[in-house]
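Take a look at the structure below.
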Amino acid sequence: MLVACSGGADSMALASALAFEAPKLGVRAGGVTIDHGLQEGSDLRAAEVALRLRALGLDPVEAVAVDVAEPNKVAHGTAYRGSGTRPAGGPEAAARDARYAALDATAERHGATAVLLGHTRDDQAETVLLGLARGSGTRSLSGMAATSGRDGRYRRPFLDVDRQTARKACLIQALPVWDDPHNADPAYTRSRLRHEGLPALEKALGKGVVEALARTAQLSRDDADALDAWAADAEDSVLDDSGSLDIAALFALPPAVRRRVLRRAVIGAGSPAGSLFARHIEEVDRLITAWRGQGAINLPGRVGVRRQGGRLVIRQG
């Protein structure tokens, strides 16, 4: 398995833990650090992190450069510069897409069955609040899963560990850490939430906000998993052979289940999941619950949804 390490306290503590445990478990353990190329000297910093990972005894270790403007373009030891066209969602989303593309490629190259990520309980709390601010549904409020990705590739063993504990672990072991200035830059939403929003909540509500939000994530995940399973079963009862959906059968479903069925159907028709938001599904839902003769709903991925008689027709193109 590989540990993804930025050089920060969270991921350095995780890298140290992996290096300590892997030999006892008979697991081959390596590391990878991603150079996003967003700061001057980032290539030198990535090389330094790689040296630290090797010093811990991890092998293989790679420093992989990516082009944030073109997340599918990655290379070992080469920082690409692309067209400047960024994916939707701003620089944070672009960096995330590029990072995961690089981690996937590195895992495939080395045959790694898992990539460990250093997300902590504090990161989980921030993710829940960001989902709440966007007015997202239960799935978004469930935060980050302990295991995610294709075949459960990504693992987050520190989701029950607070950020301060990870930092103390590095201090005790005299592990050098790097604090990314982007994490303190108020231009980034998560940074403002971390340094202004959460402290204000703790001041107003008292300590324990982070723990409560992390518990909310787990409870929301349990609910979302149950509703998703219900929607998967219900899909067979509303679909016909042509792929259209029966309006009456959809109307009879609980709203939370019906919207999940609709989301599954439009994604199946070609709408990208990452570009599909709650407002899109609400508009489609109105074709069933608030029918006033409205026309087709146009969704990301050139997917159109229209009501035709007693059926909901979903087509791409």
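Within each chain, counting starts at residue 1; across the structure tokens, chains are named A, B, ... in the order shown, with ligands numbered 1 upward in that order.
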
- Query: Near Ser271 (chain A), within 6 Å and counting only C-alpha atoms, which residues show up once chain neighbours fewer than 3 positions away are dropped, as a ChimeraX atom specification?
  - Reply: /A:266-267,300-301

Keeping all heavy atoms, export the residues of the selection given above as an mmCIF file, in the first residue's frame.
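Below you can see part_16.cif, which holds the result:
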data_model
loop_
_atom_site.group_PDB
_atom_site.id
_atom_site.type_symbol
_atom_site.label_atom_id
_atom_site.label_comp_id
_atom_site.auth_asym_id
_atom_site.auth_seq_id
_atom_site.Cartn_x
_atom_site.Cartn_y
_atom_site.Cartn_z
ATOM 1 N N VAL A 266 -30.494 9.626 -14.424
ATOM 2 C CA VAL A 266 -29.868 10.643 -15.287
ATOM 3 C C VAL A 266 -28.357 10.415 -15.383
ATOM 4 O O VAL A 266 -27.751 10.679 -16.433
ATOM 5 C CB VAL A 266 -30.199 12.067 -14.817
ATOM 6 C CG1 VAL A 266 -31.701 12.320 -14.923
ATOM 7 C CG2 VAL A 266 -29.712 12.335 -13.407
ATOM 8 N N ILE A 267 -27.745 9.915 -14.313
ATOM 9 C CA ILE A 267 -26.318 9.570 -14.392
ATOM 10 C C ILE A 267 -26.128 8.404 -15.356
ATOM 11 O O ILE A 267 -25.197 8.390 -16.170
ATOM 12 C CB ILE A 267 -25.759 9.231 -12.999
ATOM 13 C CG1 ILE A 267 -25.679 10.496 -12.140
ATOM 14 C CG2 ILE A 267 -24.372 8.589 -13.107
ATOM 15 C CD1 ILE A 267 -25.280 10.248 -10.694
ATOM 16 N N PRO A 300 -26.530 18.647 -17.211
ATOM 17 C CA PRO A 300 -25.129 18.507 -17.649
ATOM 18 C C PRO A 300 -24.919 17.202 -18.405
ATOM 19 O O PRO A 300 -25.579 16.197 -18.140
ATOM 20 C CB PRO A 300 -24.361 18.503 -16.324
ATOM 21 C CG PRO A 300 -25.221 19.261 -15.370
ATOM 22 C CD PRO A 300 -26.633 18.931 -15.759
ATOM 23 N N GLY A 301 -23.995 17.237 -19.365
ATOM 24 C CA GLY A 301 -23.749 16.048 -20.176
ATOM 25 C C GLY A 301 -24.718 15.910 -21.328
ATOM 26 O O GLY A 301 -24.851 14.828 -21.902
#

- Message: Which residues are close to Gly131 (chain A), i.e. within 6 Å by only C-alpha atoms, leaving aside same-chain residues fewer than 3 positions away? Reply as a ChimeraX atom specification.
- Response: /A:128,134,136,140-141

All residues 12 Å or closer to region 224-236 of chain A, only C-alpha atoms, same chain fewer than 3 positions away omitted, as a tab-separated table (two decimals) with N, CA, C and O atoms, in the first residue's frame:
chain	number	residue	atom	x	y	z
A	137	GLY	N	-27.69	17.41	0.23
A	137	GLY	CA	-28.51	16.38	0.86
A	137	GLY	C	-27.72	15.52	1.83
A	137	GLY	O	-26.56	15.81	2.17
A	138	THR	N	-28.37	14.44	2.25
A	138	THR	CA	-27.79	13.57	3.27
A	138	THR	C	-26.45	12.99	2.85
A	138	THR	O	-25.54	12.87	3.66
A	139	ARG	N	-26.30	12.62	1.59
A	139	ARG	CA	-25.05	12.03	1.12
A	139	ARG	C	-23.89	13.01	1.30
A	139	ARG	O	-22.80	12.62	1.75
A	140	SER	N	-24.09	14.28	0.98
A	140	SER	CA	-23.03	15.26	1.14
A	140	SER	C	-22.70	15.49	2.61
A	140	SER	O	-21.55	15.66	2.99
A	141	LEU	N	-23.73	15.48	3.46
A	141	LEU	CA	-23.51	15.69	4.89
A	141	LEU	C	-22.81	14.50	5.53
A	141	LEU	O	-22.34	14.60	6.67
A	142	SER	N	-22.74	13.38	4.84
A	142	SER	CA	-22.07	12.20	5.40
A	142	SER	C	-20.56	12.32	5.32
A	142	SER	O	-19.84	11.45	5.80
A	143	GLY	N	-20.07	13.39	4.69
A	143	GLY	CA	-18.64	13.66	4.68
A	143	GLY	C	-17.85	12.63	3.90
A	143	GLY	O	-18.31	12.07	2.91
A	145	ALA	N	-15.87	9.07	3.42
A	145	ALA	CA	-15.97	7.69	3.87
A	145	ALA	C	-14.60	7.19	4.30
A	145	ALA	O	-13.56	7.61	3.78
A	216	THR	N	-22.28	13.41	13.22
A	216	THR	CA	-23.33	13.70	12.23
A	216	THR	C	-22.99	13.07	10.89
A	216	THR	O	-23.86	12.51	10.20
A	217	ALA	N	-21.72	13.13	10.51
A	217	ALA	CA	-21.29	12.53	9.25
A	217	ALA	C	-21.57	11.03	9.23
A	217	ALA	O	-22.09	10.49	8.25
A	218	GLN	N	-21.24	10.34	10.32
A	218	GLN	CA	-21.45	8.90	10.36
A	218	GLN	C	-22.94	8.55	10.34
A	218	GLN	O	-23.36	7.63	9.63
A	219	LEU	N	-23.75	9.29	11.11
A	219	LEU	CA	-25.19	9.03	11.11
A	219	LEU	C	-25.79	9.31	9.74
A	219	LEU	O	-26.64	8.54	9.26
A	220	SER	N	-25.35	10.39	9.11
A	220	SER	CA	-25.86	10.72	7.78
A	220	SER	C	-25.45	9.66	6.76
A	220	SER	O	-26.22	9.31	5.86
A	221	ARG	N	-24.23	9.13	6.91
A	221	ARG	CA	-23.76	8.09	5.99
A	221	ARG	C	-24.61	6.82	6.13
A	221	ARG	O	-24.98	6.20	5.13
A	239	LEU	N	-38.84	1.31	-13.92
A	239	LEU	CA	-38.24	1.31	-15.25
A	239	LEU	C	-38.98	0.39	-16.20
A	239	LEU	O	-39.39	-0.71	-15.81
A	240	ASP	N	-39.15	0.83	-17.46
A	240	ASP	CA	-39.70	-0.09	-18.46
A	240	ASP	C	-38.59	-0.53	-19.40
A	240	ASP	O	-37.43	-0.13	-19.24
A	241	ASP	N	-38.91	-1.32	-20.39
A	241	ASP	CA	-37.89	-1.90	-21.27
A	241	ASP	C	-37.17	-0.84	-22.09
A	241	ASP	O	-36.02	-1.05	-22.51
A	243	GLY	N	-36.27	2.08	-21.01
A	243	GLY	CA	-35.48	2.93	-20.14
A	243	GLY	C	-36.24	4.12	-19.60
A	243	GLY	O	-35.68	4.92	-18.85
A	244	SER	N	-37.51	4.26	-19.96
A	244	SER	CA	-38.34	5.33	-19.42
A	244	SER	C	-38.82	4.96	-18.02
A	244	SER	O	-38.81	3.79	-17.63
A	245	LEU	N	-39.29	5.98	-17.28
A	245	LEU	CA	-39.72	5.77	-15.91
A	245	LEU	C	-41.23	6.02	-15.79
A	245	LEU	O	-41.75	6.99	-16.36
A	246	ASP	N	-41.89	5.16	-15.05
A	246	ASP	CA	-43.33	5.28	-14.87
A	246	ASP	C	-43.64	6.38	-13.86
A	246	ASP	O	-43.20	6.33	-12.71
A	249	ALA	N	-45.66	5.30	-10.64
A	249	ALA	CA	-44.83	4.52	-9.71
A	249	ALA	C	-43.83	5.42	-9.00
A	249	ALA	O	-43.56	5.25	-7.81
A	250	LEU	N	-43.28	6.40	-9.72
A	250	LEU	CA	-42.35	7.35	-9.10
A	250	LEU	C	-43.05	8.19	-8.04
A	250	LEU	O	-42.52	8.41	-6.94
A	251	PHE	N	-44.25	8.66	-8.37
A	251	PHE	CA	-45.00	9.52	-7.45
A	251	PHE	C	-45.29	8.80	-6.13
A	251	PHE	O	-45.35	9.42	-5.06
A	252	ALA	N	-45.45	7.49	-6.20
A	252	ALA	CA	-45.80	6.71	-5.01
A	252	ALA	C	-44.61	6.52	-4.07
A	252	ALA	O	-44.79	6.16	-2.90
A	253	LEU	N	-43.41	6.77	-4.56
A	253	LEU	CA	-42.22	6.57	-3.72
A	253	LEU	C	-42.04	7.74	-2.75
A	253	LEU	O	-42.41	8.87	-3.06
A	254	PRO	N	-41.44	7.52	-1.58
A	254	PRO	CA	-41.07	8.64	-0.69
A	254	PRO	C	-40.13	9.58	-1.44
A	254	PRO	O	-39.30	9.13	-2.24
A	255	PRO	N	-40.23	10.89	-1.23
A	255	PRO	CA	-39.40	11.86	-1.97
A	255	PRO	C	-37.91	11.56	-1.95
A	255	PRO	O	-37.24	11.67	-2.97
A	256	ALA	N	-37.37	11.18	-0.78
A	256	ALA	CA	-35.93	10.91	-0.68
A	256	ALA	C	-35.52	9.74	-1.56
A	256	ALA	O	-34.43	9.75	-2.17
A	257	VAL	N	-36.38	8.74	-1.68
A	257	VAL	CA	-36.09	7.59	-2.52
A	257	VAL	C	-36.27	7.95	-3.99
A	257	VAL	O	-35.45	7.60	-4.84
A	258	ARG	N	-37.38	8.67	-4.29
A	258	ARG	CA	-37.66	9.05	-5.68
A	258	ARG	C	-36.51	9.87	-6.27
A	258	ARG	O	-36.07	9.64	-7.40
A	259	ARG	N	-36.01	10.84	-5.51
A	259	ARG	CA	-34.93	11.68	-6.04
A	259	ARG	C	-33.65	10.89	-6.28
A	259	ARG	O	-32.90	11.17	-7.20
A	260	ARG	N	-33.43	9.88	-5.46
A	260	ARG	CA	-32.27	9.02	-5.69
A	260	ARG	C	-32.45	8.18	-6.95
A	260	ARG	O	-31.50	7.96	-7.70
A	261	VAL	N	-33.66	7.70	-7.18
A	261	VAL	CA	-33.94	6.96	-8.40
A	261	VAL	C	-33.70	7.85	-9.61
A	261	VAL	O	-33.09	7.43	-10.61
A	262	LEU	N	-34.18	9.10	-9.54
A	262	LEU	CA	-34.00	10.03	-10.64
A	262	LEU	C	-32.52	10.33	-10.89
A	262	LEU	O	-32.07	10.38	-12.03
A	263	ARG	N	-31.79	10.53	-9.81
A	263	ARG	CA	-30.36	10.80	-9.95
A	263	ARG	C	-29.64	9.62	-10.60
A	263	ARG	O	-28.82	9.80	-11.51
A	264	ARG	N	-29.94	8.41	-10.16
A	264	ARG	CA	-29.34	7.22	-10.75
A	264	ARG	C	-29.66	7.14	-12.24
A	264	ARG	O	-28.81	6.79	-13.06
A	265	ALA	N	-30.89	7.48	-12.59
A	265	ALA	CA	-31.33	7.36	-13.98
A	265	ALA	C	-30.62	8.37	-14.88
A	265	ALA	O	-30.18	8.02	-15.99
A	268	GLY	N	-27.03	7.44	-15.29
A	268	GLY	CA	-26.98	6.31	-16.21
A	268	GLY	C	-27.14	6.72	-17.66
A	268	GLY	O	-26.62	6.07	-18.57

- All helix (DSSP H, G or I) positions in region 84-267 of chain A, as number ranges by chain: A: 90-110, 121-133, 138-141, 150-152, 163-172, 181-184, 189-205, 209-238, 247-251, 255-267

Using only C-alpha atoms, find each residue of region 151-198 of chain A with at least one atom at most 12 Å away from an atom of region 37-53 of chain A; report its shortest atom-to-atom pair and that distance in Å (one decimal), sort the rows by chain and rising residue number, and return the result as a tab-separated table.
residue	atom	partner	partner_atom	distance
A:Ala174	CA	A:Arg52	CA	11.8
A:Leu175	CA	A:Arg52	CA	8.6
A:Pro176	CA	A:Arg52	CA	8.4
A:Val177	CA	A:Val49	CA	8.9
A:Trp178	CA	A:Arg45	CA	8.9
A:Asp179	CA	A:Arg45	CA	11.3
A:Asp180	CA	A:Gln39	CA	9.8
A:Pro181	CA	A:Gln39	CA	9.4
A:His182	CA	A:Gln39	CA	9.4

- Find the spatial neighbours of region 9-20 of chain A, counting only C-alpha atoms, within a cut-off of 10 Å - ignore same-chain residues fewer than 3 positions away - and output them as a ChimeraX atom specification. /A:1-6,23-25,27-33,49,52-59,116-120,156-158,161-171,173,175-179

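Reported to one decimal place, the separation of CA of His280 (chain A) from CA of Gly310 (chain A) is 20.9 Å.
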
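You can rank A:His36, A:Ala95, A:Val61, A:Glu211 by their closest distance to His110 (chain A) using only C-alpha atoms, and at the top of that list sits A:Val61.
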
- Query: Of the candidates A:Arg99, A:Thr127, A:Asp67, A:Arg155, which shows the shortest atom-to-atom distance to Val115 (chain A), using only C-alpha atoms?
  - Reply: A:Arg155

- Go through A:Gly197, A:Pro186, A:Pro60, A:Gly149 and flag the residue nearest Ala133 (chain A), using only C-alpha atoms for the distances. A:Gly197

- Calculate how many Å separate CA of Gly111 (chain A) from CA of Gly7 (chain A), rounding to one decimal.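 According to the coordinates, CA of Gly111 (chain A) and CA of Gly7 (chain A) are separated by 23.3 Å.
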
- Could you please determine the separation between CA of Gln294 (chain A) and CA of Pro272 (chain A) in Å, to one decimal place?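 These atoms are spaced 23.8 Å apart.
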